[in-house]
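**Student:** Please read through the structure below; I'll follow up with questions.
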Amino acid sequence: MRSPFSVSAHRSAYRRGSGLALTVVLCAGYVVWSSLAAARTVAHPERHPQTTWAPCNRNSRNGRASTFRPLSDIRAAQLVTPVPEDRPDNATRYTIGGVGHVAANDYVPSRSELQRFRRARTSAGQPILEFNSYFGYVDGRDGLRHPSTDDLIQWVAHKWGIPENWLRAEFVQESFWNQFQLGDEAQVSARWYNAYPLQARVPNSRRVYESLGITQEKWIPDGSVGAGTEPLRWESTAFNLDYQAATIRFYYDNPQRERSAWGDRSYTPCQRWDSLGGWYNPYPWGNGGQQGYIREVQGNLAGRAWLAPDFIHWRPSSLPPAVKLR
């Protein structure tokens, strides 16, 4: 999922120059990065890091009830080690078209909003809880008081049993951890244009950004993608993360053979990297886009990109025009 805002310009910064000067700059930069990363890790050691995948559903091939269950929201929250905020916009109140909103990191989905989400249907008319039974656990109710973006990533990693550094690396790729991120620009009908939130519409056109938030959750009004997720996908960082992690575990676990029901003979459950890469493009399993995405996330993971100074100190050059921080 690609974005209109530049979250990747920093990647070219260390490629400029040549010869000995470049070598000196790179070496110095690495020393600074290593020192800052080490200091940050030591300053905020996690008490209960999620470093492994929770075991795959043992019934992934026979269609019986899934043996995997996510942790409760409360239990997952108890395992979070508070970390300072690197993305202050995510933790700041804002307005859209003059309408006030609480900070996305603080937004708690209401009971009625969750009911609407769970009652949604796909474009084929299938209830989303039949399409992916794990969506029944998605609520974005982290129970944390003024959580940082990293706190929420830890929470969702614990809840769904996915290594937190894998998710940190993936969200660098998706949005640079920016909940206001827009992506996947598309031309739509006038009726669909008005269905998208104001900040996702390109003014004076029929173009919109279909993907929003830290995970770039995509939504199409006919329910073909992201059915039921609008507007929670952008209102709540926690919901955006919760939905994405439930989707990854769906690919991993194949609960009640719901993923196998797609008729994709290349699909195999219990594949860790392919399951994470399925967020980019899950069909057919093992497609080139999925594999390329996996390589990009693996690069972020190997370099611990979320600890680099150019990530920690990054700020978006602009917000969507309709959005104003308060």
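Just remember, in the structure tokens the first chain shown is A, the second B, etc., residues are 1-based per chain, and ligands are 1-based in the order shown.
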Looking only at helix (DSSP H, G or I) from DSSP on the backbone, list the matching residues of segment 213-325 of chain A as a ChimeraX atom specification.
**Tutor:** /A:232-235,237-253,255-257,260-262,272-277,288-302,305-307,309-312
**Student:** Output C-alpha atoms of each residue in that selection to a file, as a PDB file, in the first residue's frame.
**Tutor:**
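Wrote it out as out31.pdb, contents follow:
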```
ATOM      1  CA  LEU A 232     -12.932   3.444  13.064  1.00  0.00           C
ATOM      2  CA  ARG A 233      -9.913   2.734  10.875  1.00  0.00           C
ATOM      3  CA  TRP A 234      -8.854   6.401  11.086  1.00  0.00           C
ATOM      4  CA  GLU A 235     -10.547   7.478  14.314  1.00  0.00           C
ATOM      5  CA  THR A 237      -5.062   3.858  16.151  1.00  0.00           C
ATOM      6  CA  ALA A 238      -5.821   0.848  18.359  1.00  0.00           C
ATOM      7  CA  PHE A 239      -8.678  -0.343  16.138  1.00  0.00           C
ATOM      8  CA  ASN A 240      -6.558   0.098  13.023  1.00  0.00           C
ATOM      9  CA  LEU A 241      -3.832  -2.071  14.580  1.00  0.00           C
ATOM     10  CA  ASP A 242      -6.276  -4.611  16.022  1.00  0.00           C
ATOM     11  CA  TYR A 243      -7.976  -5.188  12.668  1.00  0.00           C
ATOM     12  CA  GLN A 244      -4.669  -5.588  10.853  1.00  0.00           C
ATOM     13  CA  ALA A 245      -3.285  -8.086  13.368  1.00  0.00           C
ATOM     14  CA  ALA A 246      -6.505 -10.115  13.222  1.00  0.00           C
ATOM     15  CA  THR A 247      -6.089 -10.273   9.457  1.00  0.00           C
ATOM     16  CA  ILE A 248      -2.493 -11.501   9.702  1.00  0.00           C
ATOM     17  CA  ARG A 249      -3.475 -14.187  12.208  1.00  0.00           C
ATOM     18  CA  PHE A 250      -6.330 -15.220   9.877  1.00  0.00           C
ATOM     19  CA  TYR A 251      -3.796 -15.902   7.132  1.00  0.00           C
ATOM     20  CA  TYR A 252      -1.548 -17.701   9.614  1.00  0.00           C
ATOM     21  CA  ASP A 253      -4.174 -19.839  11.369  1.00  0.00           C
ATOM     22  CA  PRO A 255      -9.537 -20.714  11.330  1.00  0.00           C
ATOM     23  CA  GLN A 256     -12.298 -23.151  10.343  1.00  0.00           C
ATOM     24  CA  ARG A 257     -10.505 -23.255   6.957  1.00  0.00           C
ATOM     25  CA  SER A 260      -8.831 -22.057   2.343  1.00  0.00           C
ATOM     26  CA  ALA A 261     -12.413 -21.284   1.300  1.00  0.00           C
ATOM     27  CA  TRP A 262     -11.020 -18.712  -1.126  1.00  0.00           C
ATOM     28  CA  ARG A 272       4.886 -16.635   9.324  1.00  0.00           C
ATOM     29  CA  TRP A 273       6.394 -14.285   6.787  1.00  0.00           C
ATOM     30  CA  ASP A 274       3.864 -15.054   4.089  1.00  0.00           C
ATOM     31  CA  SER A 275       1.076 -14.334   6.575  1.00  0.00           C
ATOM     32  CA  LEU A 276       2.514 -10.930   7.400  1.00  0.00           C
ATOM     33  CA  GLY A 277       3.126 -10.248   3.706  1.00  0.00           C
ATOM     34  CA  GLY A 288       5.341 -11.240  -6.378  1.00  0.00           C
ATOM     35  CA  GLY A 289       3.965  -8.184  -4.580  1.00  0.00           C
ATOM     36  CA  GLN A 290       3.606 -10.148  -1.364  1.00  0.00           C
ATOM     37  CA  GLN A 291       7.166 -11.440  -1.592  1.00  0.00           C
ATOM     38  CA  GLY A 292       8.624  -8.030  -2.418  1.00  0.00           C
ATOM     39  CA  TYR A 293       6.801  -6.507   0.539  1.00  0.00           C
ATOM     40  CA  ILE A 294       8.195  -9.203   2.821  1.00  0.00           C
ATOM     41  CA  ARG A 295      11.734  -8.372   1.715  1.00  0.00           C
ATOM     42  CA  GLU A 296      11.168  -4.667   2.455  1.00  0.00           C
ATOM     43  CA  VAL A 297       9.820  -5.398   5.940  1.00  0.00           C
ATOM     44  CA  GLN A 298      12.670  -7.829   6.605  1.00  0.00           C
ATOM     45  CA  GLY A 299      15.112  -5.056   5.720  1.00  0.00           C
ATOM     46  CA  ASN A 300      13.417  -2.730   8.217  1.00  0.00           C
ATOM     47  CA  LEU A 301      13.565  -5.473  10.834  1.00  0.00           C
ATOM     48  CA  ALA A 302      17.241  -6.268  10.264  1.00  0.00           C
ATOM     49  CA  ALA A 305      14.528   1.073  11.413  1.00  0.00           C
ATOM     50  CA  TRP A 306      12.194   2.326  14.166  1.00  0.00           C
ATOM     51  CA  LEU A 307      15.227   3.110  16.350  1.00  0.00           C
ATOM     52  CA  PRO A 309      17.326   8.910  14.481  1.00  0.00           C
ATOM     53  CA  ASP A 310      15.770   9.804  11.126  1.00  0.00           C
ATOM     54  CA  PHE A 311      12.731   7.754  12.138  1.00  0.00           C
ATOM     55  CA  ILE A 312      12.501   8.914  15.756  1.00  0.00           C
TER      56      ILE A 312
END
```
**Student:** Neighbours of Ser66 of chain A within 10 Å (only C-alpha atoms; same-chain residues fewer than 3 positions away dropped), as a PyMOL selection string?
**Tutor:** chain A and resi 56-60+62-63+69+133-134+253-257
**Student:** Could you state the separation of atom CA of Ile96 of chain A and atom CA of Gln199 of chain A in Å, given to one decimal place?
**Tutor:** 7.0 Å
**Student:** Write out as a list of chain:residue names which residues come within 9 Å of Asn165 of chain A when counting only C-alpha atoms, dropping same-chain ones fewer than 6 positions away.
**Tutor:**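 My list of contacting residues is A:Gln50, A:Thr51, A:Gln154, A:Ala157, A:Leu301, A:Arg304.
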**Student:** Could you state the separation of atom CA of Val225 of chain A and atom CA of Gln115 of chain A in Å, given to one decimal place?
**Tutor:**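 Result for atom CA of Val225 of chain A versus atom CA of Gln115 of chain A: 18.3 Å, one decimal.
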**Student:** Could you pull out all residues of segment 101-197 of chain A with a DSSP call of strand (DSSP E or B) and give them as a ChimeraX atom specification?
**Tutor:** /A:101,121,127,182-187
**Student:** Quick one: everything within 7 Å of Gln181 of chain A, counting only C-alpha atoms, minus sequence neighbours fewer than 4 positions away in the same chain. Send it as a list in words.
**Tutor:** Ser175, Leu212, Gly213 and Ile214 of chain A
**Student:** Please write the residues from the selection above to a file, keeping C-alpha atoms, as a JSON list (two decimals), in the first residue's frame.
**Tutor:**
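Full text of selection.json as output:
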```json
[["chain", "number", "residue", "atom", "x", "y", "z"],
["A", 175, "SER", "CA", 3.15, 4.67, 7.22],
["A", 212, "LEU", "CA", -5.76, 5.31, 5.95],
["A", 213, "GLY", "CA", -3.91, 5.01, 9.22],
["A", 214, "ILE", "CA", -0.81, 3.44, 10.68]]
```
